[in-house]
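Engineer: Below is the file final_33.cif, which contains mmCIF, C-alpha atoms.
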```
data_work
loop_
_atom_site.label_atom_id
_atom_site.label_comp_id
_atom_site.auth_asym_id
_atom_site.auth_seq_id
_atom_site.Cartn_x
_atom_site.Cartn_y
_atom_site.Cartn_z
CA MET A 1 -84.34 -45.08 36.78
CA THR A 2 -82.78 -41.61 36.95
CA ASP A 3 -79.99 -42.93 39.15
CA TRP A 4 -79.34 -45.75 36.69
CA LEU A 5 -79.15 -43.29 33.80
CA ARG A 6 -76.73 -41.10 35.73
CA ARG A 7 -74.43 -44.04 36.39
CA LEU A 8 -74.61 -45.09 32.75
CA ARG A 9 -73.67 -41.58 31.65
CA SER A 10 -70.68 -41.52 34.02
CA ALA A 11 -69.55 -44.91 32.72
CA LEU A 12 -69.87 -43.74 29.11
CA VAL A 13 -67.80 -40.64 29.86
CA ILE A 14 -65.07 -42.73 31.48
CA VAL A 15 -65.03 -45.24 28.61
CA THR A 16 -64.90 -42.41 26.04
CA PHE A 17 -61.92 -40.71 27.64
CA PHE A 18 -60.18 -44.07 28.12
CA CYS A 19 -60.57 -44.80 24.41
CA ILE A 20 -59.20 -41.35 23.54
CA PHE A 21 -56.21 -41.94 25.76
CA LEU A 22 -55.60 -45.39 24.24
CA TYR A 23 -55.65 -43.84 20.76
CA VAL A 24 -53.11 -41.17 21.72
CA LEU A 25 -50.89 -43.77 23.40
CA SER A 26 -51.07 -46.00 20.30
CA LEU A 27 -49.46 -43.20 18.28
CA ASN A 28 -46.16 -44.03 20.01
CA PHE A 29 -46.13 -47.45 18.34
CA ARG A 30 -47.35 -46.46 14.91
CA PRO A 31 -44.62 -46.48 12.22
CA ALA A 32 -43.70 -43.04 10.96
CA GLU A 33 -45.69 -42.25 7.84
CA ARG A 34 -48.36 -39.83 6.75
CA MET A 35 -50.12 -38.18 9.70
CA ASP A 36 -53.63 -39.45 10.40
CA LEU A 37 -56.79 -37.36 10.11
CA LEU A 38 -56.72 -35.82 13.62
CA GLN A 39 -53.01 -34.97 13.44
CA ARG A 40 -53.48 -33.39 10.00
CA ALA A 41 -56.45 -31.38 11.29
CA VAL A 42 -54.37 -29.99 14.17
CA SER A 43 -51.30 -29.31 11.99
CA GLU A 44 -53.18 -27.64 9.13
CA SER A 45 -55.21 -25.50 11.59
CA PHE A 46 -52.52 -24.21 13.93
CA LEU A 47 -49.34 -24.05 11.89
CA PRO A 48 -50.46 -21.11 9.68
CA LEU A 49 -50.94 -19.12 12.92
CA PHE A 50 -47.46 -20.04 14.12
CA LYS A 51 -46.04 -19.12 10.74
CA GLY A 52 -47.57 -15.65 10.98
CA LEU A 53 -46.40 -15.26 14.56
CA SER A 54 -42.80 -16.09 13.66
CA LYS A 55 -42.79 -13.14 11.23
CA VAL A 56 -44.11 -10.82 13.97
CA THR A 57 -41.50 -11.97 16.50
CA ALA A 58 -38.73 -11.68 13.88
CA PHE A 59 -39.80 -8.08 13.21
CA ALA A 60 -39.86 -7.28 16.95
CA ASP A 61 -36.42 -8.83 17.38
CA GLU A 62 -35.16 -6.71 14.50
CA VAL A 63 -36.55 -3.45 15.94
CA ILE A 64 -35.09 -4.12 19.39
CA GLY A 65 -31.78 -5.16 17.88
CA ASP A 66 -31.58 -1.99 15.81
CA TYR A 67 -32.22 0.21 18.87
CA LEU A 68 -29.44 -1.47 20.87
CA LEU A 69 -27.14 -1.26 17.88
CA LEU A 70 -27.52 2.53 17.56
CA ARG A 71 -25.88 3.04 20.93
CA GLN A 72 -22.60 1.59 19.69
CA ILE A 73 -22.83 2.78 16.11
CA HIS A 74 -20.44 5.73 16.34
CA ALA A 75 -17.38 3.84 17.66
CA GLU A 76 -18.08 0.96 15.36
CA ASN A 77 -18.32 3.33 12.41
CA GLU A 78 -14.79 4.59 12.94
CA SER A 79 -13.41 1.08 13.30
CA LEU A 80 -15.21 -0.04 10.17
CA ARG A 81 -13.79 2.79 8.07
CA GLU A 82 -10.27 1.55 8.84
CA GLN A 83 -11.24 -2.01 8.04
CA VAL A 84 -12.79 -1.06 4.72
CA THR A 85 -9.52 0.44 3.55
CA ALA A 86 -7.61 -2.73 4.41
CA LEU A 87 -10.28 -4.95 2.90
CA GLU A 88 -10.32 -3.08 -0.40
CA GLN A 89 -6.69 -4.06 -0.92
CA LYS A 90 -7.44 -7.67 0.01
CA LEU A 91 -10.36 -7.72 -2.42
CA ILE A 92 -8.06 -6.95 -5.31
CA ASP A 93 -5.81 -9.86 -4.30
CA TYR A 94 -8.75 -12.24 -3.91
CA GLN A 95 -10.20 -11.33 -7.28
CA ASP A 96 -6.99 -12.44 -8.90
CA ALA A 97 -7.11 -15.72 -6.97
CA TYR A 98 -10.77 -16.23 -7.88
CA LEU A 99 -10.10 -15.90 -11.58
CA GLU A 100 -7.28 -18.40 -11.30
CA ASN A 101 -9.59 -20.79 -9.42
CA LEU A 102 -12.16 -20.58 -12.21
CA ARG A 103 -9.58 -21.53 -14.76
CA LEU A 104 -8.36 -24.49 -12.73
CA ARG A 105 -11.90 -25.74 -12.16
CA ARG A 106 -12.60 -25.72 -15.87
CA LEU A 107 -9.44 -27.69 -16.40
CA LEU A 108 -10.37 -30.35 -13.81
CA ASP A 109 -13.99 -30.56 -15.08
CA PHE A 110 -15.26 -30.16 -11.51
CA LYS A 111 -18.88 -31.34 -10.89
CA SER A 112 -21.33 -30.41 -8.15
CA THR A 113 -21.58 -33.08 -5.41
CA ILE A 114 -25.34 -32.86 -5.02
CA GLN A 115 -26.99 -33.71 -8.30
CA THR A 116 -30.49 -34.53 -7.06
CA GLU A 117 -33.50 -32.21 -6.96
CA THR A 118 -34.03 -30.23 -3.75
CA ILE A 119 -37.02 -28.38 -2.29
CA ALA A 120 -36.58 -25.30 -0.11
CA ALA A 121 -38.71 -25.00 3.01
CA GLN A 122 -39.09 -22.63 5.94
CA VAL A 123 -39.02 -23.68 9.56
CA VAL A 124 -42.40 -22.90 11.13
CA LEU A 125 -42.15 -24.32 14.63
CA HIS A 126 -39.66 -26.01 16.90
CA ASP A 127 -40.71 -28.67 19.40
CA LEU A 128 -43.05 -27.07 21.96
CA THR A 129 -41.68 -28.90 24.97
CA GLY A 130 -38.08 -27.90 24.24
CA TRP A 131 -36.92 -31.39 25.24
CA PHE A 132 -37.32 -33.20 21.91
CA GLN A 133 -35.33 -32.34 18.80
CA THR A 134 -37.97 -31.96 16.14
CA LEU A 135 -39.31 -29.10 14.06
CA MET A 136 -42.12 -28.42 11.59
CA ILE A 137 -41.51 -27.11 8.07
CA ASP A 138 -43.97 -25.61 5.60
CA LYS A 139 -43.75 -28.25 2.88
CA GLY A 140 -45.70 -31.51 2.81
CA LEU A 141 -47.16 -34.22 0.62
CA ARG A 142 -48.55 -31.73 -1.88
CA ASP A 143 -45.00 -30.50 -2.52
CA GLY A 144 -43.64 -34.01 -3.09
CA ILE A 145 -42.19 -34.50 0.38
CA GLY A 146 -42.02 -38.04 1.71
CA VAL A 147 -40.93 -39.83 4.87
CA ASP A 148 -37.17 -40.41 5.35
CA MET A 149 -36.10 -37.71 2.90
CA ALA A 150 -32.85 -36.01 3.91
CA VAL A 151 -33.04 -32.42 5.18
CA VAL A 152 -29.95 -30.23 4.78
CA ASN A 153 -28.86 -26.62 4.47
CA ASP A 154 -25.77 -24.90 3.08
CA GLU A 155 -23.82 -25.72 6.26
CA GLY A 156 -24.57 -29.44 6.41
CA VAL A 157 -27.07 -32.08 7.50
CA VAL A 158 -30.11 -30.99 9.51
CA GLY A 159 -32.06 -34.23 9.85
CA ARG A 160 -34.67 -36.33 8.05
CA ILE A 161 -38.41 -36.17 7.45
CA LEU A 162 -40.25 -38.07 10.19
CA GLU A 163 -43.93 -37.48 9.35
CA VAL A 164 -45.82 -35.64 6.65
CA SER A 165 -49.13 -33.85 6.45
CA ASP A 166 -50.66 -32.27 3.36
CA ARG A 167 -48.79 -28.95 3.59
CA TYR A 168 -46.41 -29.48 6.52
CA ALA A 169 -43.88 -32.04 7.64
CA ARG A 170 -42.02 -32.94 10.82
CA VAL A 171 -38.21 -33.11 10.76
CA LEU A 172 -36.21 -35.25 13.19
CA LEU A 173 -32.98 -33.36 13.88
CA ILE A 174 -29.61 -35.08 14.04
CA THR A 175 -29.34 -34.09 17.71
CA ASP A 176 -32.36 -36.20 18.65
CA ALA A 177 -31.61 -39.44 20.50
CA GLY A 178 -33.75 -41.33 17.99
CA SER A 179 -31.69 -40.18 15.02
CA SER A 180 -29.07 -42.48 13.45
CA ILE A 181 -26.89 -41.58 10.45
CA ASP A 182 -24.22 -43.79 8.92
CA ALA A 183 -21.09 -41.64 8.95
CA VAL A 184 -17.35 -41.68 8.34
CA ILE A 185 -14.51 -39.49 9.50
CA GLN A 186 -13.31 -37.64 6.41
CA ARG A 187 -9.61 -37.89 7.28
CA ASN A 188 -9.22 -41.65 7.62
CA ARG A 189 -12.67 -43.10 6.72
CA VAL A 190 -13.28 -44.52 10.20
CA ARG A 191 -16.92 -45.51 10.17
CA GLY A 192 -19.57 -45.12 12.85
CA ILE A 193 -23.18 -44.08 13.53
CA VAL A 194 -23.98 -40.48 14.44
CA GLY A 195 -26.80 -40.22 16.96
CA GLY A 196 -28.22 -37.38 19.02
CA LYS A 197 -27.23 -36.61 22.60
CA ASP A 198 -28.69 -33.22 23.53
CA ALA A 199 -29.76 -29.99 21.81
CA ASN A 200 -26.18 -29.05 20.90
CA THR A 201 -24.28 -32.34 20.67
CA CYS A 202 -24.25 -35.62 18.82
CA VAL A 203 -22.28 -38.81 19.48
CA LEU A 204 -20.38 -41.00 17.05
CA LYS A 205 -21.19 -44.52 18.17
CA TYR A 206 -19.73 -47.99 17.55
CA VAL A 207 -16.16 -46.82 16.86
CA ARG A 208 -13.76 -49.34 18.28
CA GLY A 209 -11.31 -48.12 20.89
CA ASN A 210 -8.18 -48.93 18.85
CA LEU A 211 -9.17 -46.69 15.89
CA ASP A 212 -7.64 -43.24 15.39
CA VAL A 213 -10.09 -40.41 16.10
CA GLN A 214 -8.88 -36.92 16.98
CA GLU A 215 -10.53 -33.69 18.10
CA GLY A 216 -11.31 -31.48 15.13
CA ASP A 217 -11.91 -34.36 12.68
CA LEU A 218 -14.72 -33.68 10.23
CA VAL A 219 -17.54 -36.26 10.22
CA VAL A 220 -19.45 -36.71 6.96
CA SER A 221 -22.26 -38.98 5.77
CA SER A 222 -21.15 -42.26 4.24
CA GLY A 223 -24.14 -42.62 1.91
CA LYS A 224 -24.65 -46.23 3.02
CA ASP A 225 -27.88 -45.76 4.99
CA GLY A 226 -29.93 -45.01 1.89
CA VAL A 227 -31.20 -41.70 3.29
CA PHE A 228 -28.32 -39.23 3.16
CA PRO A 229 -26.13 -38.81 0.08
CA LYS A 230 -22.43 -39.40 0.52
CA GLY A 231 -20.13 -36.62 1.69
CA LEU A 232 -22.57 -34.29 3.48
CA ARG A 233 -21.07 -32.53 6.51
CA LEU A 234 -22.44 -33.70 9.86
CA GLY A 235 -20.14 -32.23 12.49
CA THR A 236 -16.70 -31.98 14.00
CA VAL A 237 -15.27 -34.18 16.74
CA GLN A 238 -15.37 -32.25 19.99
CA GLY A 239 -14.12 -34.84 22.46
CA VAL A 240 -12.78 -38.40 22.49
CA TYR A 241 -13.02 -40.54 25.63
CA LYS A 242 -11.43 -43.98 25.70
CA ASP A 243 -12.31 -46.45 28.41
CA PRO A 244 -9.94 -49.46 28.47
CA LEU A 245 -12.81 -51.64 29.70
CA ASP A 246 -15.17 -50.58 26.91
CA LEU A 247 -15.07 -51.98 23.38
CA PHE A 248 -16.07 -48.65 21.81
CA GLN A 249 -14.75 -45.15 22.43
CA LYS A 250 -17.08 -42.29 23.32
CA ILE A 251 -16.90 -39.52 20.74
CA ASP A 252 -18.78 -36.24 21.05
CA VAL A 253 -19.56 -34.48 17.78
CA LYS A 254 -20.60 -30.86 17.46
CA PRO A 255 -23.04 -30.38 14.53
CA VAL A 256 -21.85 -27.99 11.84
CA VAL A 257 -25.38 -26.65 11.46
CA ARG A 258 -26.64 -24.13 14.06
CA LEU A 259 -29.90 -26.01 14.67
CA SER A 260 -31.36 -23.51 17.15
CA ALA A 261 -31.12 -20.70 14.56
CA LEU A 262 -32.54 -22.60 11.58
CA GLU A 263 -34.87 -20.64 9.34
CA GLU A 264 -34.62 -22.28 5.91
CA VAL A 265 -33.77 -25.83 4.94
CA LEU A 266 -33.47 -27.92 1.78
CA ILE A 267 -35.15 -31.30 1.37
CA ILE A 268 -33.36 -33.71 -0.95
CA LYS A 269 -36.04 -35.38 -3.04
CA ARG A 270 -35.92 -39.05 -3.81
CA ASP A 271 -38.39 -41.38 -5.53
CA LEU A 272 -41.35 -42.00 -3.27
CA LYS A 273 -42.52 -45.56 -2.68
CA PHE A 274 -46.00 -46.34 -3.96
CA SER A 275 -47.45 -46.23 -0.46
CA ASP A 276 -46.08 -42.73 0.19
CA ARG A 277 -47.83 -41.09 -2.76
CA VAL A 278 -50.76 -38.73 -2.13
CA GLY A 279 -53.98 -40.71 -1.72
CA GLY A 280 -52.14 -43.98 -1.04
CA ASN A 281 -52.52 -46.04 2.18
CA MET B 282 -64.88 -27.67 51.41
CA ALA B 283 -67.13 -28.26 48.41
CA TYR B 284 -67.95 -25.48 45.98
CA SER B 285 -70.24 -25.35 42.97
CA LYS B 286 -69.16 -24.93 39.38
CA SER B 287 -71.78 -22.77 37.80
CA ALA B 288 -72.73 -22.77 34.14
CA LEU B 289 -70.28 -21.07 31.79
CA SER B 290 -71.07 -18.59 29.06
CA SER B 291 -69.73 -19.25 25.57
CA GLY B 292 -68.06 -15.83 25.65
CA TYR B 293 -66.06 -16.75 28.72
CA VAL B 294 -64.98 -20.07 27.21
CA LEU B 295 -63.94 -18.25 24.03
CA LYS B 296 -61.84 -15.79 26.01
CA VAL B 297 -60.11 -18.60 27.86
CA GLY B 298 -59.53 -20.27 24.49
CA LEU B 299 -57.83 -17.13 23.15
CA TYR B 300 -55.78 -16.93 26.32
CA THR B 301 -54.74 -20.55 25.83
CA LEU B 302 -53.66 -19.75 22.26
CA PHE B 303 -51.63 -16.84 23.58
CA LEU B 304 -49.85 -19.10 26.08
CA LEU B 305 -49.21 -21.58 23.27
CA PHE B 306 -47.56 -18.84 21.20
CA VAL B 307 -45.41 -17.74 24.14
CA GLN B 308 -44.43 -21.38 24.71
CA SER B 309 -43.41 -21.87 21.08
CA ALA B 310 -41.68 -18.53 20.52
CA TRP B 311 -39.68 -18.23 23.75
CA ILE B 312 -40.14 -20.83 26.48
CA SER B 313 -39.23 -23.88 24.40
CA ARG B 314 -36.20 -22.06 22.93
CA PHE B 315 -34.48 -21.15 26.21
CA PRO B 316 -30.89 -22.48 26.22
CA PRO B 317 -31.00 -23.97 29.74
CA PRO B 318 -33.25 -27.06 29.62
CA ALA B 319 -34.53 -26.31 33.13
CA PHE B 320 -36.27 -23.17 31.87
CA ARG B 321 -38.42 -25.04 29.34
CA ILE B 322 -41.55 -25.29 31.44
CA ASP B 323 -45.07 -26.22 30.37
CA LEU B 324 -47.26 -23.10 30.58
CA LEU B 325 -50.48 -24.98 29.92
CA LEU B 326 -50.27 -27.23 32.99
CA PRO B 327 -51.17 -24.44 35.46
CA LEU B 328 -53.84 -23.31 33.01
CA MET B 329 -55.49 -26.74 33.08
CA PHE B 330 -55.48 -26.59 36.84
CA GLY B 331 -57.06 -23.14 36.74
CA THR B 332 -59.87 -24.30 34.46
CA ALA B 333 -60.41 -27.51 36.45
CA ILE B 334 -61.25 -25.62 39.65
CA GLU B 335 -63.78 -23.40 37.83
CA TRP B 336 -65.33 -25.53 35.09
CA PRO B 337 -67.50 -28.68 35.12
CA PRO B 338 -65.48 -31.92 35.09
CA VAL B 339 -66.51 -33.25 31.67
CA LEU B 340 -65.86 -29.94 29.94
CA THR B 341 -62.45 -29.63 31.61
CA LEU B 342 -61.51 -33.18 30.62
CA ALA B 343 -62.44 -32.48 27.00
CA TRP B 344 -60.52 -29.18 27.14
CA ALA B 345 -57.44 -30.87 28.62
CA SER B 346 -57.57 -33.74 26.11
CA GLY B 347 -57.94 -31.39 23.14
CA TRP B 348 -55.12 -29.01 24.03
CA GLY B 349 -52.95 -31.90 25.18
CA PHE B 350 -53.36 -33.49 21.76
CA VAL B 351 -52.39 -30.21 20.09
CA LEU B 352 -49.17 -30.06 22.10
CA ASP B 353 -48.44 -33.73 21.47
CA THR B 354 -48.90 -33.18 17.72
CA PHE B 355 -46.36 -30.35 17.70
CA SER B 356 -43.91 -32.29 19.87
CA GLY B 357 -43.95 -35.36 17.68
CA LYS B 358 -42.58 -37.72 20.30
CA PHE B 359 -43.90 -39.35 23.44
CA TRP B 360 -47.52 -39.30 22.34
CA GLY B 361 -49.85 -39.05 25.29
CA PHE B 362 -47.40 -37.06 27.42
CA HIS B 363 -49.38 -33.84 27.46
CA VAL B 364 -52.80 -35.49 27.17
CA GLY B 365 -51.98 -37.75 30.11
CA SER B 366 -50.47 -34.95 32.24
CA TYR B 367 -53.41 -32.63 31.78
CA VAL B 368 -56.10 -35.28 32.21
CA VAL B 369 -54.45 -36.62 35.36
CA ALA B 370 -54.17 -33.07 36.74
CA VAL B 371 -57.85 -32.40 36.02
CA CYS B 372 -58.94 -35.70 37.59
CA LEU B 373 -56.85 -35.06 40.70
CA VAL B 374 -58.35 -31.59 41.07
CA ASN B 375 -61.86 -33.01 40.93
CA ILE B 376 -60.98 -35.64 43.53
CA VAL B 377 -59.20 -33.26 45.88
CA THR B 378 -61.67 -30.34 45.77
CA GLU B 379 -63.93 -32.19 48.18
CA ARG B 380 -61.25 -31.95 50.87
CA PHE B 381 -59.10 -28.89 50.14
CA GLU B 382 -59.84 -25.24 49.43
CA LEU B 383 -58.09 -25.00 46.06
CA HIS B 384 -58.88 -21.32 45.66
CA SER B 385 -56.06 -20.66 48.12
CA LEU B 386 -52.95 -19.48 46.27
CA LEU B 387 -50.59 -21.63 48.32
CA TYR B 388 -52.57 -24.80 47.68
CA GLN B 389 -52.75 -23.96 43.97
CA MET B 390 -48.98 -23.57 43.73
CA LEU B 391 -48.29 -26.74 45.71
CA PHE B 392 -50.77 -28.79 43.72
CA VAL B 393 -49.44 -27.60 40.36
CA GLY B 394 -45.90 -28.24 41.62
CA ALA B 395 -46.82 -31.82 42.45
CA CYS B 396 -48.35 -32.29 38.98
CA ALA B 397 -45.30 -30.68 37.35
CA LEU B 398 -43.05 -33.02 39.31
CA GLY B 399 -44.98 -36.02 38.05
CA GLN B 400 -44.87 -34.67 34.52
CA SER B 401 -41.10 -34.09 34.74
CA ALA B 402 -40.57 -37.60 36.12
CA ALA B 403 -42.47 -39.10 33.17
CA LEU B 404 -40.43 -36.97 30.76
CA GLY B 405 -37.17 -38.03 32.39
CA LEU B 406 -38.13 -41.67 32.26
CA PHE B 407 -38.95 -41.42 28.56
CA LEU B 408 -35.67 -39.64 27.76
CA PHE B 409 -33.75 -42.28 29.72
CA LEU B 410 -35.49 -45.22 28.05
CA GLU B 411 -35.00 -43.71 24.59
CA ALA B 412 -31.23 -43.45 24.86
CA PRO B 413 -29.80 -44.75 28.14
CA ALA B 414 -26.18 -44.33 27.00
CA GLN B 415 -26.60 -40.65 26.17
CA PHE B 416 -28.83 -39.67 29.09
CA GLU B 417 -26.82 -37.99 31.86
CA VAL B 418 -28.87 -38.90 34.92
CA PRO B 419 -27.76 -36.34 37.57
CA ALA B 420 -27.71 -33.29 35.30
CA SER B 421 -30.94 -34.14 33.50
CA TYR B 422 -32.95 -34.92 36.60
CA LEU B 423 -31.69 -31.75 38.25
CA SER B 424 -32.93 -29.79 35.22
CA LEU B 425 -36.30 -31.51 35.49
CA LEU B 426 -36.51 -30.69 39.19
CA ILE B 427 -35.76 -27.03 38.53
CA ARG B 428 -38.34 -27.13 35.74
CA SER B 429 -40.97 -28.24 38.24
CA PHE B 430 -39.99 -25.50 40.68
CA LEU B 431 -40.20 -22.81 38.00
CA THR B 432 -43.66 -24.09 37.05
CA VAL B 433 -44.72 -23.53 40.67
CA LEU B 434 -43.47 -19.94 40.52
CA VAL B 435 -45.36 -19.01 37.34
CA THR B 436 -48.63 -20.65 38.45
CA PRO B 437 -50.23 -17.51 39.95
CA LEU B 438 -49.35 -15.49 36.84
CA ILE B 439 -51.05 -17.99 34.58
CA ILE B 440 -54.14 -18.72 36.69
CA TYR B 441 -54.93 -15.11 37.61
CA PRO B 442 -56.25 -14.04 34.16
CA ILE B 443 -58.78 -16.89 34.18
CA ASN B 444 -60.28 -15.72 37.45
CA TYR B 445 -60.08 -12.06 36.39
CA VAL B 446 -61.93 -12.66 33.12
CA ARG B 447 -64.60 -14.64 34.92
CA GLY B 448 -65.10 -11.92 37.52
CA SER B 449 -65.01 -8.97 35.11
CA LYS B 450 -67.42 -7.78 32.45
CA LEU B 451 -64.81 -8.08 29.62
#
```
For the file at hand, write its structure as structure tokens.

Structural biologist:
Amino acid sequence: MTDWLRRLRSALVIVTFFCIFLYVLSLNFRPAERMDLLQRAVSESFLPLFKGLSKVTAFADEVIGDYLLLRQIHAENESLREQVTALEQKLIDYQDAYLENLRLRRLLDFKSTIQTETIAAQVVLHDLTGWFQTLMIDKGLRDGIGVDMAVVNDEGVVGRILEVSDRYARVLLITDAGSSIDAVIQRNRVRGIVGGKDANTCVLKYVRGNLDVQEGDLVVSSGKDGVFPKGLRLGTVQGVYKDPLDLFQKIDVKPVVRLSALEEVLIIKRDLKFSDRVGGN
Amino acid sequence: MAYSKSALSSGYVLKVGLYTLFLLFVQSAWISRFPPPAFRIDLLLPLMFGTAIEWPPVLTLAWASGWGFVLDTFSGKFWGFHVGSYVVAVCLVNIVTERFELHSLLYQMLFVGACALGQSAALGLFLFLEAPAQFEVPASYLSLLIRSFLTVLVTPLIIYPINYVRGSKL
């Protein structure tokens, strides 16, 4: 009897862990939406700790940086004094140009390109493995964040919202292989899809080999994918490789945003679907 | 050679839990941010090995599953990668302890290296399947190989505190 109970217990343990593993594996095939109960429990529990830690590490970095800086401060001080004198003269020139610019803008009735509401968020955590291009921000469903909202900063496009929890959200960066953004080259409106390649590079895909693409071209969002507004900066063309046997040319794009040094981002709000609202299924 | 896994005090488990949190912080703040991809190792894999040779099997499996799920949640992709790696490592330890003396440092390093190699292979396969056109096979697999080797090197540093805390009156 005891032996039978022991075997039953072992079988139950194996079945339990198998079920747990099946659940975790099923998460790979679940469409991106609001995080489930377990994921929310983990996110809401651990991310406040990471948020506090990032402030501690930033302070330590600042202290160490200041100490190293002191050793060069004297020589730099002298050099800076000379620069200040030259810059003061330039400032006077630029002020004149600025005033003229203001007048011309009023004449042209210039409007801001981004007219939608945005939410500012702080980056809490980058991907723990270092091999996937995702990060966690400190805004979630309670702040009106929804899946597939565009994430930008003052330099350009950062990515899009992949999953949301109550107070946090996961962002898929443009450098991730799973990212796809409908884009055009600003100079000649050649259209393609910007996808991720590695931590520092994207690729502009599906551009036919006979189209004109040059190094240094600015790539911007086309606005046709329904996620990113038109005209947002994505990156600059870093390299163009044409294979006569291939229909498309290979184009490397360097993102304009320094993704490894991100601290604050903006989320461009759009109307949530009914199913994305808080409390919905 | 078989050895017994004696009962654990809640204080000892709590200390190992705090140590695991510490490794998680180090992983998030520095390890995952290293510019060379080969340096982005998994600090918790040797830790799971260290707990598996000291703790009862069911407790270690639950521990590995829980922390693996935490890492999977903060990675956001390839769900089951960390859970699977840690659970497989724990199961292999429990199978192999009947035949090998896993308290030997050399065996520990070799065993963790083998697990890290398997983990890196799974990671490489996922990255390749996700975007075959963008995945540079020679460079990426070399990085993964170096990643496994670096995991072997840090294994003693990560496992030692577990044994020290167990043997001390802290």

Engineer: Expanded to explicit residues, what is the PyMOL selection byres ((chain B) within 8 of (chain A)) for this file, as an MDAnalysis selection string?

Structural biologist: chainID B and resid 306 308:310 312:315 318 321:323 339 350:352 354:361 364:365 411:412 415:416

Engineer: Report the residues retrieved by the PyMOL selection byres ((chain A and resi 140) around 6) from the displayed file, expressed as a list of chain:residue names.

Structural biologist: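 Residues picked by the PyMOL selection byres ((chain A and resi 140) around 6): A:Lys139, A:Leu141, A:Arg142, A:Asp143, A:Ile145, A:Val164, A:Ser165, A:Asp166, A:Arg167, A:Tyr168, A:Ala169.
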
Engineer: Applied to this file, what does the PyMOL selection byres ((chain B and resi 377-382) around 12) return in terms of residues, put as a PyMOL selection string?

Structural biologist: chain B and resi 282-286+330+333-335+338+370-376+383-389+391-392

Engineer: If I take atom CA of Ala420 of chain B and atom CA of Ala403 of chain B, how far is one from the other in Å, to one decimal?

Structural biologist: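 Computing the Euclidean distance for atom CA of Ala420 of chain B and atom CA of Ala403 of chain B yields 16.0 Å.
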
Engineer: As an exercise, work out the distance from atom CA of Leu398 of chain B to atom CA of Leu423 of chain B in Å and give it to one decimal place.

Structural biologist: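 Atom-to-atom, atom CA of Leu398 of chain B to atom CA of Leu423 of chain B, that is 11.5 Å.
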
Engineer: Restricting the calculation to only C-alpha atoms, which member of B:Ala345, B:Thr436, B:Val294, B:Pro419 is positioned closest to Leu324 of chain B?

Structural biologist: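 Under the stated criterion, the closest residue is B:Thr436.
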
Engineer: Quote the spacing between atom CA of Val56 of chain A and atom CA of Val158 of chain A in Å to one decimal place.

Structural biologist: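 Those two atoms sit 25.0 Å apart.
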
Engineer: Closest to Glu263 of chain A among A:Cys19, A:Ile119, A:Ile137, A:Leu5, using only C-alpha atoms?

Structural biologist: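 Of all the options, A:Ile137 lies closest to Glu263 of chain A.
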
Engineer: Using all atoms listed in the file, which protein or nucleic acid residues come within 12 Å of Leu328 of chain B? Drop anything in the same chain fewer than 2 positions from it, and give the result as a CSV table (one decimal) with C-alpha atoms, in the coordinates of the input.

Structural biologist:
```csv
chain,number,residue,atom,x,y,z
B,297,VAL,CA,-60.1,-18.6,27.9
B,298,GLY,CA,-59.5,-20.3,24.5
B,300,TYR,CA,-55.8,-16.9,26.3
B,301,THR,CA,-54.7,-20.6,25.8
B,302,LEU,CA,-53.7,-19.8,22.3
B,303,PHE,CA,-51.6,-16.8,23.6
B,304,LEU,CA,-49.8,-19.1,26.1
B,305,LEU,CA,-49.2,-21.6,23.3
B,323,ASP,CA,-45.1,-26.2,30.4
B,324,LEU,CA,-47.3,-23.1,30.6
B,325,LEU,CA,-50.5,-25.0,29.9
B,326,LEU,CA,-50.3,-27.2,33.0
B,330,PHE,CA,-55.5,-26.6,36.8
B,331,GLY,CA,-57.1,-23.1,36.7
B,332,THR,CA,-59.9,-24.3,34.5
B,333,ALA,CA,-60.4,-27.5,36.4
B,334,ILE,CA,-61.2,-25.6,39.6
B,335,GLU,CA,-63.8,-23.4,37.8
B,336,TRP,CA,-65.3,-25.5,35.1
B,341,THR,CA,-62.4,-29.6,31.6
B,344,TRP,CA,-60.5,-29.2,27.1
B,345,ALA,CA,-57.4,-30.9,28.6
B,348,TRP,CA,-55.1,-29.0,24.0
B,349,GLY,CA,-53.0,-31.9,25.2
B,367,TYR,CA,-53.4,-32.6,31.8
B,370,ALA,CA,-54.2,-33.1,36.7
B,371,VAL,CA,-57.8,-32.4,36.0
B,389,GLN,CA,-52.8,-24.0,44.0
B,390,MET,CA,-49.0,-23.6,43.7
B,393,VAL,CA,-49.4,-27.6,40.4
B,432,THR,CA,-43.7,-24.1,37.0
B,433,VAL,CA,-44.7,-23.5,40.7
B,435,VAL,CA,-45.4,-19.0,37.3
B,436,THR,CA,-48.6,-20.6,38.4
B,437,PRO,CA,-50.2,-17.5,40.0
B,438,LEU,CA,-49.4,-15.5,36.8
B,439,ILE,CA,-51.0,-18.0,34.6
B,440,ILE,CA,-54.1,-18.7,36.7
B,441,TYR,CA,-54.9,-15.1,37.6
B,442,PRO,CA,-56.2,-14.0,34.2
B,443,ILE,CA,-58.8,-16.9,34.2
B,444,ASN,CA,-60.3,-15.7,37.4
```
